[in-house]
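Peer 1: Handing over start09.tsv, TSV, C-alpha atoms.
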chain	number	residue	atom	x	y	z
A	2	MET	CA	-6.95	97.77	14.90
A	3	PRO	CA	-8.94	94.86	16.42
A	4	SER	CA	-8.17	93.99	20.00
A	5	THR	CA	-6.34	90.80	20.89
A	6	GLU	CA	-9.56	89.48	22.39
A	7	SER	CA	-11.50	90.31	19.20
A	8	ALA	CA	-8.86	88.68	16.96
A	9	ALA	CA	-8.91	85.57	19.14
A	10	GLY	CA	-12.67	85.45	18.86
A	11	GLU	CA	-12.54	85.70	15.08
A	12	ALA	CA	-9.96	82.91	14.92
A	13	TRP	CA	-12.13	80.74	17.17
A	14	ASP	CA	-15.21	81.39	15.02
A	15	ARG	CA	-13.32	80.43	11.87
A	16	ARG	CA	-12.03	77.25	13.44
A	17	ARG	CA	-15.55	76.41	14.56
A	18	GLU	CA	-16.93	77.00	11.06
A	19	LEU	CA	-14.22	74.82	9.53
A	20	GLN	CA	-14.94	72.03	11.99
A	21	ALA	CA	-18.69	72.27	11.41
A	22	PHE	CA	-18.17	71.98	7.66
A	23	ASP	CA	-15.79	69.05	8.06
A	24	ASP	CA	-18.13	67.27	10.45
A	25	THR	CA	-20.84	67.06	7.79
A	26	LYS	CA	-18.54	64.75	5.77
A	27	ALA	CA	-20.59	65.83	2.74
A	28	GLY	CA	-18.03	68.20	1.22
A	29	VAL	CA	-18.80	71.22	-0.91
A	30	LYS	CA	-21.46	69.22	-2.75
A	31	GLY	CA	-23.36	69.11	0.55
A	32	LEU	CA	-23.50	72.91	0.56
A	33	VAL	CA	-24.74	72.90	-3.02
A	34	ASP	CA	-27.42	70.37	-2.11
A	35	ALA	CA	-28.43	72.69	0.73
A	36	ARG	CA	-28.92	75.41	-1.92
A	37	VAL	CA	-26.54	77.96	-0.44
A	38	THR	CA	-26.71	81.22	-2.40
A	39	VAL	CA	-23.93	83.09	-0.60
A	40	LEU	CA	-20.37	81.79	-0.42
A	41	PRO	CA	-19.56	80.75	3.18
A	42	PRO	CA	-16.78	82.87	4.73
A	43	ILE	CA	-14.34	79.96	5.04
A	44	PHE	CA	-14.16	79.83	1.22
A	45	ARG	CA	-13.60	83.56	0.67
A	46	HIS	CA	-10.09	84.37	-0.50
A	47	SER	CA	-8.30	87.65	0.06
A	48	PRO	CA	-8.47	90.31	-2.68
A	49	GLU	CA	-4.72	89.87	-3.21
A	50	SER	CA	-5.03	86.14	-3.90
A	51	LEU	CA	-7.96	86.76	-6.25
A	52	GLU	CA	-6.01	89.18	-8.44
A	53	GLY	CA	-6.54	88.32	-12.09
A	54	ILE	CA	-9.43	85.94	-11.41
A	55	THR	CA	-11.55	87.56	-14.12
A	56	SER	CA	-8.78	87.64	-16.73
A	57	SER	CA	-8.73	85.04	-19.47
A	58	ASN	CA	-6.08	84.49	-22.10
A	59	HIS	CA	-6.43	82.10	-25.01
A	60	ASP	CA	-3.49	80.95	-27.10
A	61	ALA	CA	-3.72	77.43	-28.47
A	62	ALA	CA	0.02	77.43	-29.20
A	63	ALA	CA	0.99	78.26	-25.60
A	64	ILE	CA	0.23	74.72	-24.41
A	65	PRO	CA	1.40	72.47	-27.26
A	66	THR	CA	-0.25	69.21	-28.27
A	67	VAL	CA	2.11	66.30	-28.93
A	68	ASP	CA	1.14	63.28	-31.02
A	69	LEU	CA	2.76	60.31	-29.27
A	70	SER	CA	2.39	58.13	-32.37
A	71	ALA	CA	4.20	60.54	-34.67
A	72	ALA	CA	7.51	59.79	-36.37
A	73	PRO	CA	10.37	60.37	-36.30
A	74	ARG	CA	10.79	59.87	-32.56
A	75	GLU	CA	13.52	62.51	-32.44
A	76	HIS	CA	10.98	65.13	-33.46
A	77	THR	CA	8.63	64.08	-30.65
A	78	VAL	CA	11.50	64.19	-28.16
A	79	ALA	CA	12.33	67.73	-29.28
A	80	LEU	CA	8.71	68.86	-28.86
A	81	VAL	CA	8.53	67.37	-25.39
A	82	ARG	CA	11.84	68.91	-24.36
A	83	ARG	CA	10.76	72.36	-25.53
A	84	ALA	CA	7.43	72.16	-23.69
A	85	ALA	CA	8.91	70.69	-20.50
A	86	GLY	CA	11.64	73.32	-20.42
A	87	THR	CA	9.40	76.34	-20.93
A	88	VAL	CA	5.73	76.17	-19.98
A	89	GLY	CA	6.02	72.82	-18.18
A	90	PHE	CA	2.72	71.62	-19.65
A	91	PHE	CA	1.71	69.83	-22.85
A	92	GLN	CA	-1.19	67.76	-24.08
A	93	VAL	CA	-0.76	64.33	-25.63
A	94	VAL	CA	-2.95	62.54	-28.16
A	95	ASN	CA	-2.75	59.09	-29.77
A	96	HIS	CA	-1.56	57.76	-26.44
A	97	GLY	CA	-3.24	54.36	-26.67
A	98	VAL	CA	-5.84	54.74	-23.90
A	99	PRO	CA	-9.34	53.97	-25.21
A	100	ALA	CA	-11.76	56.90	-25.22
A	101	GLU	CA	-14.36	54.67	-23.56
A	102	LEU	CA	-12.04	54.06	-20.58
A	103	MET	CA	-11.33	57.78	-20.18
A	104	ALA	CA	-15.03	58.65	-20.36
A	105	GLY	CA	-15.88	55.83	-17.98
A	106	MET	CA	-13.43	57.12	-15.38
A	107	LEU	CA	-14.86	60.64	-15.51
A	108	GLU	CA	-18.40	59.34	-15.36
A	109	GLY	CA	-17.60	57.11	-12.39
A	110	VAL	CA	-16.19	60.06	-10.44
A	111	ARG	CA	-19.24	62.16	-11.29
A	112	ARG	CA	-21.60	59.34	-10.31
A	113	PHE	CA	-19.87	58.92	-6.94
A	114	ASN	CA	-20.04	62.63	-6.11
A	115	GLU	CA	-23.63	63.00	-7.24
A	116	GLY	CA	-24.74	59.78	-5.55
A	117	PRO	CA	-25.88	59.15	-1.97
A	118	THR	CA	-24.21	61.30	0.66
A	119	GLU	CA	-23.88	58.20	2.84
A	120	ALA	CA	-21.45	56.65	0.35
A	121	LYS	CA	-19.16	59.68	0.71
A	122	GLN	CA	-19.49	59.87	4.46
A	123	ALA	CA	-18.51	56.20	4.74
A	124	ILE	CA	-15.00	56.88	3.40
A	125	TYR	CA	-14.56	60.52	4.52
A	126	SER	CA	-11.15	60.84	6.15
A	127	ARG	CA	-8.12	63.07	6.66
A	128	ASP	CA	-5.90	60.08	7.43
A	129	GLN	CA	-3.32	60.20	4.63
A	130	ALA	CA	-2.42	56.57	5.27
A	131	ARG	CA	-5.82	55.45	3.97
A	132	LYS	CA	-5.61	54.21	0.39
A	133	VAL	CA	-9.17	55.15	-0.48
A	134	ARG	CA	-10.70	58.28	0.99
A	135	PHE	CA	-13.00	61.21	0.32
A	136	ALA	CA	-12.54	64.72	1.71
A	137	SER	CA	-12.70	68.39	0.88
A	138	ASN	CA	-9.45	70.42	0.91
A	139	PHE	CA	-6.54	68.38	2.29
A	140	ASP	CA	-5.22	71.59	3.90
A	141	LEU	CA	-8.60	72.78	5.18
A	142	PHE	CA	-7.40	73.62	8.69
A	143	SER	CA	-4.07	75.18	7.70
A	144	SER	CA	-4.80	77.22	4.57
A	145	ALA	CA	-5.86	80.86	4.57
A	146	ALA	CA	-9.09	79.98	2.74
A	147	ALA	CA	-10.71	76.81	1.44
A	148	ASN	CA	-11.23	75.95	-2.24
A	149	TRP	CA	-14.59	75.10	-3.80
A	150	ARG	CA	-14.02	71.42	-4.58
A	151	ASP	CA	-14.26	67.88	-3.24
A	152	THR	CA	-11.69	65.12	-3.67
A	153	LEU	CA	-11.90	61.35	-4.07
A	154	PHE	CA	-8.45	59.81	-3.55
A	155	PHE	CA	-7.09	56.41	-4.62
A	156	HIS	CA	-3.67	54.92	-3.99
A	157	LEU	CA	-3.24	52.69	-7.04
A	158	ALA	CA	0.41	51.58	-6.93
A	159	PRO	CA	2.24	49.90	-5.43
A	160	ASP	CA	0.05	47.73	-3.17
A	161	PRO	CA	-3.37	49.15	-4.07
A	162	ALA	CA	-6.43	48.75	-1.89
A	163	PRO	CA	-8.49	45.60	-2.48
A	164	SER	CA	-11.33	46.05	-4.96
A	165	GLN	CA	-14.00	45.64	-2.27
A	166	ASP	CA	-12.71	48.85	-0.64
A	167	LEU	CA	-13.34	50.86	-3.82
A	168	PRO	CA	-16.60	52.83	-4.11
A	169	GLU	CA	-19.12	50.99	-6.24
A	170	ALA	CA	-19.40	53.93	-8.65
A	171	VAL	CA	-15.79	53.51	-9.84
A	172	ARG	CA	-15.01	49.91	-8.88
A	173	ASP	CA	-15.22	48.56	-12.42
A	174	VAL	CA	-13.01	51.21	-14.00
A	175	VAL	CA	-10.40	52.68	-11.66
A	176	THR	CA	-7.93	49.76	-11.61
A	177	GLU	CA	-7.93	49.38	-15.40
A	178	TYR	CA	-7.62	53.14	-15.79
A	179	GLY	CA	-4.63	53.23	-13.43
A	180	LYS	CA	-2.79	50.59	-15.47
A	181	ALA	CA	-3.51	52.41	-18.74
A	182	VAL	CA	-2.42	55.83	-17.52
A	183	THR	CA	0.79	54.33	-16.09
A	184	LYS	CA	1.74	53.17	-19.58
A	185	VAL	CA	1.30	56.75	-20.79
A	186	ALA	CA	3.45	58.12	-17.97
A	187	LEU	CA	6.24	55.60	-18.61
A	188	PHE	CA	6.32	56.46	-22.31
A	189	VAL	CA	6.47	60.19	-21.54
A	190	LEU	CA	9.29	59.56	-19.07
A	191	GLU	CA	11.18	57.79	-21.85
A	192	LEU	CA	10.86	60.88	-24.04
A	193	LEU	CA	11.91	63.13	-21.18
A	194	SER	CA	14.94	60.93	-20.43
A	195	GLU	CA	16.05	61.07	-24.05
A	196	SER	CA	15.55	64.84	-24.12
A	197	LEU	CA	18.14	65.07	-21.33
A	198	GLY	CA	20.60	63.03	-23.39
A	199	LEU	CA	20.09	59.95	-21.18
A	200	SER	CA	19.00	56.41	-21.97
A	201	SER	CA	15.25	56.07	-22.44
A	202	ASP	CA	14.82	54.04	-19.24
A	203	HIS	CA	16.82	56.40	-17.00
A	204	LEU	CA	13.97	58.21	-15.23
A	205	ARG	CA	11.92	55.02	-14.99
A	206	ASP	CA	14.83	53.20	-13.38
A	207	MET	CA	15.17	56.05	-10.89
A	208	GLY	CA	11.70	55.06	-9.66
A	209	CYS	CA	9.88	58.14	-10.92
A	210	ALA	CA	6.67	56.20	-11.62
A	211	GLU	CA	6.66	53.49	-8.95
A	212	ASN	CA	3.93	55.21	-6.95
A	213	LEU	CA	0.56	56.27	-8.39
A	214	ASN	CA	-2.08	58.30	-6.59
A	215	ALA	CA	-5.25	59.21	-8.47
A	216	VAL	CA	-6.81	62.42	-7.18
A	217	CYS	CA	-10.32	62.83	-8.56
A	218	GLN	CA	-11.56	66.40	-8.28
A	219	TYR	CA	-15.21	67.43	-8.30
A	220	TYR	CA	-15.91	71.15	-8.76
A	221	PRO	CA	-19.62	71.88	-8.12
A	222	PRO	CA	-21.31	75.07	-9.37
A	223	CYS	CA	-20.28	77.95	-7.12
A	224	PRO	CA	-22.73	80.67	-5.98
A	225	GLU	CA	-20.05	83.40	-6.07
A	226	PRO	CA	-17.17	82.12	-8.22
A	227	HIS	CA	-15.45	85.52	-8.29
A	228	LEU	CA	-14.70	85.22	-4.55
A	229	THR	CA	-12.93	81.85	-4.42
A	230	TRP	CA	-10.93	79.26	-6.36
A	231	GLY	CA	-11.60	75.75	-7.49
A	232	THR	CA	-7.92	75.14	-6.72
A	233	LYS	CA	-5.65	78.07	-5.93
A	234	ARG	CA	-2.26	78.54	-7.59
A	235	HIS	CA	0.23	75.79	-6.83
A	236	THR	CA	2.74	73.39	-8.31
A	237	ASP	CA	2.63	69.59	-8.14
A	238	PRO	CA	5.21	68.12	-5.76
A	239	GLY	CA	5.94	64.75	-7.43
A	240	PHE	CA	7.72	63.80	-10.63
A	241	LEU	CA	4.98	63.75	-13.25
A	242	THR	CA	1.23	64.42	-13.46
A	243	VAL	CA	-1.11	62.99	-16.10
A	244	LEU	CA	-4.40	64.87	-16.02
A	245	LEU	CA	-7.72	63.84	-17.50
A	246	GLN	CA	-10.27	66.67	-17.62
A	247	ASP	CA	-13.80	66.89	-18.93
A	248	GLY	CA	-14.89	69.41	-21.55
A	249	MET	CA	-15.74	72.33	-19.24
A	250	GLY	CA	-12.32	73.93	-18.94
A	251	GLY	CA	-11.18	76.11	-16.05
A	252	LEU	CA	-7.53	75.06	-15.75
A	253	GLN	CA	-5.03	77.91	-16.15
A	254	VAL	CA	-1.23	77.85	-16.34
A	255	LEU	CA	1.18	80.68	-15.49
A	256	VAL	CA	3.15	81.24	-18.70
A	257	ASP	CA	6.46	83.11	-18.57
A	258	ARG	CA	5.80	83.78	-14.87
A	259	LYS	CA	3.40	86.60	-15.77
A	260	THR	CA	0.39	85.52	-17.88
A	261	TRP	CA	-2.37	83.14	-16.82
A	262	MET	CA	-3.26	81.07	-19.86
A	263	ASP	CA	-6.31	78.86	-20.30
A	264	VAL	CA	-5.68	75.19	-21.05
A	265	PRO	CA	-8.47	74.35	-23.48
A	266	PRO	CA	-9.89	70.83	-23.35
A	267	VAL	CA	-8.70	68.77	-26.32
A	268	PRO	CA	-10.97	65.78	-27.04
A	269	GLY	CA	-9.21	62.51	-26.25
A	270	ALA	CA	-6.10	64.19	-24.81
A	271	PHE	CA	-4.24	63.90	-21.53
A	272	ILE	CA	-2.52	66.94	-20.05
A	273	ILE	CA	1.05	66.27	-18.89
A	274	ASN	CA	2.82	68.54	-16.45
A	275	ILE	CA	6.22	68.48	-14.80
A	276	GLY	CA	6.31	68.13	-11.01
A	277	ASP	CA	8.68	69.77	-8.54
A	278	LEU	CA	10.85	66.68	-8.06
A	279	LEU	CA	11.39	66.36	-11.79
A	280	GLN	CA	12.45	70.01	-11.95
A	281	LEU	CA	14.87	69.25	-9.11
A	282	VAL	CA	16.47	66.17	-10.69
A	283	SER	CA	16.66	67.89	-14.10
A	284	ASN	CA	18.51	70.77	-12.45
A	285	ASP	CA	15.97	73.27	-13.86
A	286	GLN	CA	16.12	71.91	-17.40
A	287	PHE	CA	12.44	71.08	-16.89
A	288	ARG	CA	10.01	73.45	-15.22
A	289	SER	CA	7.30	72.76	-12.67
A	290	VAL	CA	4.93	75.62	-13.37
A	291	GLU	CA	2.23	77.16	-11.22
A	292	HIS	CA	-1.34	76.45	-12.24
A	293	ARG	CA	-4.82	76.95	-10.84
A	294	VAL	CA	-8.46	76.07	-11.44
A	295	LEU	CA	-11.22	78.66	-11.55
A	296	ALA	CA	-14.28	78.14	-9.40
A	297	ASN	CA	-17.10	76.66	-11.45
A	298	LYS	CA	-19.31	79.34	-13.01
A	299	SER	CA	-21.87	76.90	-14.37
A	300	LYS	CA	-25.35	77.07	-12.89
A	301	ASP	CA	-26.06	73.35	-13.02
A	302	THR	CA	-23.06	71.23	-14.08
A	303	ALA	CA	-20.01	70.20	-12.08
A	304	ARG	CA	-16.51	70.06	-13.53
A	305	VAL	CA	-14.68	66.74	-13.10
A	306	SER	CA	-11.00	65.88	-13.49
A	307	VAL	CA	-8.67	63.01	-12.56
A	308	ALA	CA	-5.04	63.86	-11.77
A	309	SER	CA	-2.65	60.89	-11.74
A	310	PHE	CA	0.39	61.79	-9.65
A	311	PHE	CA	3.52	59.70	-10.24
A	312	ASN	CA	6.27	59.45	-7.69
A	313	THR	CA	8.73	56.96	-6.24
A	314	ASP	CA	7.63	54.25	-3.80
A	315	MET	CA	6.93	56.42	-0.80
A	316	GLU	CA	6.81	53.55	1.69
A	317	ARG	CA	10.05	51.77	0.78
A	318	SER	CA	12.34	54.21	-0.99
A	319	THR	CA	15.12	55.89	0.97
A	320	ARG	CA	16.85	57.09	-2.18
A	321	LEU	CA	18.24	60.61	-2.24
A	322	TYR	CA	17.19	62.56	-5.33
A	323	GLY	CA	19.53	65.28	-6.46
A	324	PRO	CA	20.23	67.19	-9.67
A	325	ILE	CA	21.47	65.20	-12.67
A	326	THR	CA	24.47	67.12	-13.99
A	327	ASP	CA	26.94	66.73	-16.82
A	328	GLY	CA	29.85	68.04	-14.78
A	329	HIS	CA	29.66	71.53	-16.31
A	330	ASN	CA	26.61	73.07	-14.62
A	331	PRO	CA	26.63	73.18	-10.82
A	332	PRO	CA	23.65	71.66	-8.98
A	333	ILE	CA	20.93	74.14	-8.08
A	334	TYR	CA	19.26	72.03	-5.40
A	335	ARG	CA	20.31	69.89	-2.46
A	336	SER	CA	19.40	66.22	-2.47
A	337	VAL	CA	16.30	64.99	-0.67
A	338	THR	CA	14.25	61.83	-0.31
A	339	ALA	CA	10.86	61.89	-1.97
A	340	ARG	CA	9.23	61.15	1.38
A	341	ASP	CA	10.78	64.23	2.98
A	342	PHE	CA	9.90	66.35	-0.04
A	343	ILE	CA	6.23	65.33	0.09
A	344	ALA	CA	6.20	65.89	3.85
A	345	THR	CA	7.33	69.46	3.17
A	346	PHE	CA	4.51	69.86	0.64
A	347	ASN	CA	1.94	68.58	3.12
A	348	ARG	CA	3.28	70.94	5.76
A	349	VAL	CA	3.28	74.13	3.68
A	350	GLY	CA	0.12	73.22	1.72
A	351	LEU	CA	-0.90	75.02	-1.45
A	352	ASP	CA	0.08	78.37	0.05
A	353	GLY	CA	3.81	77.58	-0.24
A	354	ARG	CA	6.35	76.25	-2.76
A	355	SER	CA	8.09	73.09	-1.60
A	356	LEU	CA	10.90	73.37	-4.16
A	357	ASP	CA	12.10	76.66	-2.66
A	358	HIS	CA	13.05	74.85	0.54
A	359	TYR	CA	15.72	72.85	-1.32
A	360	ARG	CA	17.25	75.53	-3.52
A	361	LEU	CA	20.92	76.10	-2.79
A	362	GLU	CA	22.69	79.36	-2.24
A	363	GLN	CA	25.02	79.96	-5.17
A	364	ASP	CA	28.18	79.43	-3.17
A	365	THR	CA	26.99	76.37	-1.24
A	366	PRO	CA	28.63	73.15	-2.49
A	367	THR	CA	26.65	69.93	-2.72
A	368	PRO	CA	27.27	66.49	-4.18
A	369	ALA	CA	25.81	66.19	-7.67
A	370	VAL	CA	23.95	63.20	-9.03
A	371	GLU	CA	25.72	62.18	-12.19
A	372	ALA	CA	23.87	61.31	-15.38
A	373	CYS	CA	24.98	57.70	-15.03
A	374	GLU	CA	23.07	57.25	-11.77
Would you mind writing the file out in structure tokens?
Peer 2:
Amino acid sequence: MPSTESAAGEAWDRRRELQAFDDTKAGVKGLVDARVTVLPPIFRHSPESLEGITSSNHDAAAIPTVDLSAAPREHTVALVRRAAGTVGFFQVVNHGVPAELMAGMLEGVRRFNEGPTEAKQAIYSRDQARKVRFASNFDLFSSAAANWRDTLFFHLAPDPAPSQDLPEAVRDVVTEYGKAVTKVALFVLELLSESLGLSSDHLRDMGCAENLNAVCQYYPPCPEPHLTWGTKRHTDPGFLTVLLQDGMGGLQVLVDRKTWMDVPPVPGAFIINIGDLLQLVSNDQFRSVEHRVLANKSKDTARVSVASFFNTDMERSTRLYGPITDGHNPPIYRSVTARDFIATFNRVGLDGRSLDHYRLEQDTPTPAVEACE
């Protein structure tokens, strides 16, 4: 067993390595540019957390694809309800967003990350109040191990940053993209509302899509991808996520709580997944499912994705969100403001599950949120 002095020394060394990495403000891409051939220790995950990293399961039917233009609408609602209530993920096509806009967004993110380091350093920050920022691993100093990725963050609604604050590489596309993806999210929320037996505008009127944060992930080639993650297993804390990914793949979803399933890229599709808060307000009728991203095994090409996270207005809303019930099924969760819920997520990081903090004991009464809310 290591001595207390030895353990303290190891902890100090790790903190020093983390700080040295963060001080470069160049992210993981900076390490790639430096031609590292051995994975730095701060990115090495424990053998337990890497269990199953080499397994790969393919089943195209596991993550269904929903045509948003199909008729009758009732059939689409049924497909969405089935997917949201089981695997928590589905892909959507014929959603109305031009392919050129989707490709332009991905290319802009790639161009930013592969451009001058100085452009990244200029907006590098861990201040979560900043509406435009670049960083690597939001939980760098609190997680057990870092993930092999960099992140470009935009707050797009409400009250977005002025266009002059946006990086030049994405300035001409990100605002238009945000408006287009919001239309997709609102339409999906209509289908989800109807699948709960509510009016189509119910979830929208609850404020589930008032706030939009675009989190643009850049996964560079990794020298030892079997020792780390692109993004370790987690759930999304908000209401709804609309994900745009390139054609490389690497996203996996935990199906039936036991099998990690690949989510194959579908040309022209968005991936929709249920967030923790939507599982809470649906009283477990929808499922927020764990997912992860493998570290990039490519020798020369980075993987790029753009996750659009929809939530209520975090600055202004004081609304309590609790389970919608029909009077027959008791609420499973206690009510919480979205701000407090996200604060819990930021505190526990990707190593925890925010939703578990709000689950009720079976015999604990709580006020329910009626369907007519």
Peer 1: Please write as a VMD selection string the list of polymer residues whose atoms come within 7 Å of (-14.6, 59.2, -7.2), counting all atoms listed in the file and keeping to the coordinates of the file.
Peer 2: chain A and resid 109 to 111 113 to 114 153 171 217
Peer 1: Those same residues - C-alpha atoms - I'd like them written as a short mmCIF file (atom, residue, chain, number, x, y, z; two decimals), in the frame of the given file.
Peer 2:
data_model
loop_
_atom_site.label_atom_id
_atom_site.label_comp_id
_atom_site.auth_asym_id
_atom_site.auth_seq_id
_atom_site.Cartn_x
_atom_site.Cartn_y
_atom_site.Cartn_z
CA GLY A 109 -17.60 57.11 -12.39
CA VAL A 110 -16.19 60.06 -10.44
CA ARG A 111 -19.24 62.16 -11.29
CA PHE A 113 -19.87 58.92 -6.94
CA ASN A 114 -20.04 62.63 -6.11
CA LEU A 153 -11.90 61.35 -4.07
CA VAL A 171 -15.79 53.51 -9.84
CA CYS A 217 -10.32 62.83 -8.56
#
Peer 1: Could you check how far CA of Gly251 in chain A sits from CA of Phe310 in chain A, in Å to one decimal?
Peer 2: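 These atoms are spaced 19.5 Å apart.
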Peer 1: What's around range 262-264 of chain A at 9 Å? Count only C-alpha atoms, leave out sequence neighbours fewer than 6 positions away in its own chain, and write the answer as a PyMOL selection string.
Peer 2: chain A and resi 57-61+63-64+250-256+272
Peer 1: Just give me the gap between CA of Ala62 in chain A and CA of Glu108 in chain A in Å, one decimal is fine.
Peer 2: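 We find that CA of Ala62 in chain A and CA of Glu108 in chain A lie 29.3 Å from each other.
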Peer 1: For the point (-21.5, 72.8, -11.5) in file coordinates, what residues are within 10 Å, counting only C-alpha atoms? Give the answer as a list in words?
Peer 2: Lys30, Val33, Tyr219, Tyr220, Pro221, Pro222, Cys223, Pro224, Met249, Ala296, Asn297, Lys298, Ser299, Lys300, Asp301, Thr302, Ala303, Arg304 and Val305 of chain A
Peer 1: Show me, as a CSV table (one decimal) with C-alpha atoms, keeping the file's coordinate frame, the residues that have an atom within 10 Å of Asn214 in chain A when counting all atoms listed in the file, minus same-chain residues fewer than 2 positions from it.
Peer 2:
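Output contents, as saved in around.csv:
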chain,number,residue,atom,x,y,z
A,132,LYS,CA,-5.6,54.2,0.4
A,133,VAL,CA,-9.2,55.2,-0.5
A,154,PHE,CA,-8.4,59.8,-3.6
A,155,PHE,CA,-7.1,56.4,-4.6
A,156,HIS,CA,-3.7,54.9,-4.0
A,157,LEU,CA,-3.2,52.7,-7.0
A,158,ALA,CA,0.4,51.6,-6.9
A,159,PRO,CA,2.2,49.9,-5.4
A,161,PRO,CA,-3.4,49.2,-4.1
A,179,GLY,CA,-4.6,53.2,-13.4
A,212,ASN,CA,3.9,55.2,-7.0
A,216,VAL,CA,-6.8,62.4,-7.2
A,217,CYS,CA,-10.3,62.8,-8.6
A,242,THR,CA,1.2,64.4,-13.5
A,308,ALA,CA,-5.0,63.9,-11.8
A,309,SER,CA,-2.6,60.9,-11.7
A,310,PHE,CA,0.4,61.8,-9.6
A,311,PHE,CA,3.5,59.7,-10.2
A,312,ASN,CA,6.3,59.4,-7.7
Peer 1: Counting only C-alpha atoms, which residues in range 339-366 of chain A sit no more than 10 Å from range 315-330 of chain A? For each one, give the nearest pair of atoms and the distance in Å, sorted by chain then residue number, as a tab-separated table.
Peer 2:
residue	atom	partner	partner_atom	distance
A:Ala339	CA	A:Met315	CA	6.8
A:Arg340	CA	A:Met315	CA	5.7
A:Asp341	CA	A:Met315	CA	9.5
A:Phe342	CA	A:Tyr322	CA	9.8
A:Ile343	CA	A:Met315	CA	9.0
A:Tyr359	CA	A:Gly323	CA	9.9
Peer 1: Using CA of Ser144 in chain A and CA of Ser336 in chain A as the two end points, give the distance in Å to one decimal.
Peer 2: 27.5 Å
Peer 1: Once you add 3 Å to each side, what are the centre and edge lengths of the axis-aligned box holding all listed atoms of range 76-81 of chain A? One decimal in Å, as lines of an AutoDock Vina configuration file, if you can.
Peer 2:
center_x = 10.4
center_y = 66.5
center_z = -29.4
size_x = 9.8
size_y = 10.8
size_z = 14.1
Peer 1: Could you tell me which of A:Gly116, A:Gly53, A:Gly97, A:Gly89 comes closest to Thr183 in chain A if we count all atoms listed in the file?
Peer 2: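 Closest to Thr183 in chain A of all the choices is A:Gly97.
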Peer 1: Taking a cut-off of 6 Å and counting all atoms listed in the file, can you build a table that, for each residue of range 83-175 of chain A near range 41-45 of chain A, reports the nearest atom pair and how far apart they are in Å (one decimal), sorted by chain then residue number, as a Markdown table?
Peer 2:
| residue | atom | partner | partner_atom | distance |
| --- | --- | --- | --- | --- |
| A:Ala146 | CA | A:Phe44 | CA | 5.3 |
| A:Ala147 | CA | A:Phe44 | CA | 4.6 |
| A:Asn148 | CA | A:Phe44 | CA | 6.0 |
Peer 1: Name the closest residue to Phe188 in chain A among the candidates A:Leu245, A:Val81, A:Leu107, A:Ala215; distances are taken between atoms, counting all atoms listed in the file.
Peer 2: A:Val81
Peer 1: Tell me which protein, DNA and RNA residues are within 10 Å of range 285-293 of chain A, counting only C-alpha atoms, leaving out same-chain ones fewer than 4 positions away, and put them as a PyMOL selection string.
Peer 2: chain A and resi 82-90+193+196-197+230-241+251-258+261-264+274-281+324-325+332-334+354+356
Peer 1: Between A:Glu75, A:Glu101, A:Asp23, A:Asp68, which is the closest to Tyr178 in chain A once you count only C-alpha atoms?
Peer 2: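 Of all the options, A:Glu101 lies closest to Tyr178 in chain A.
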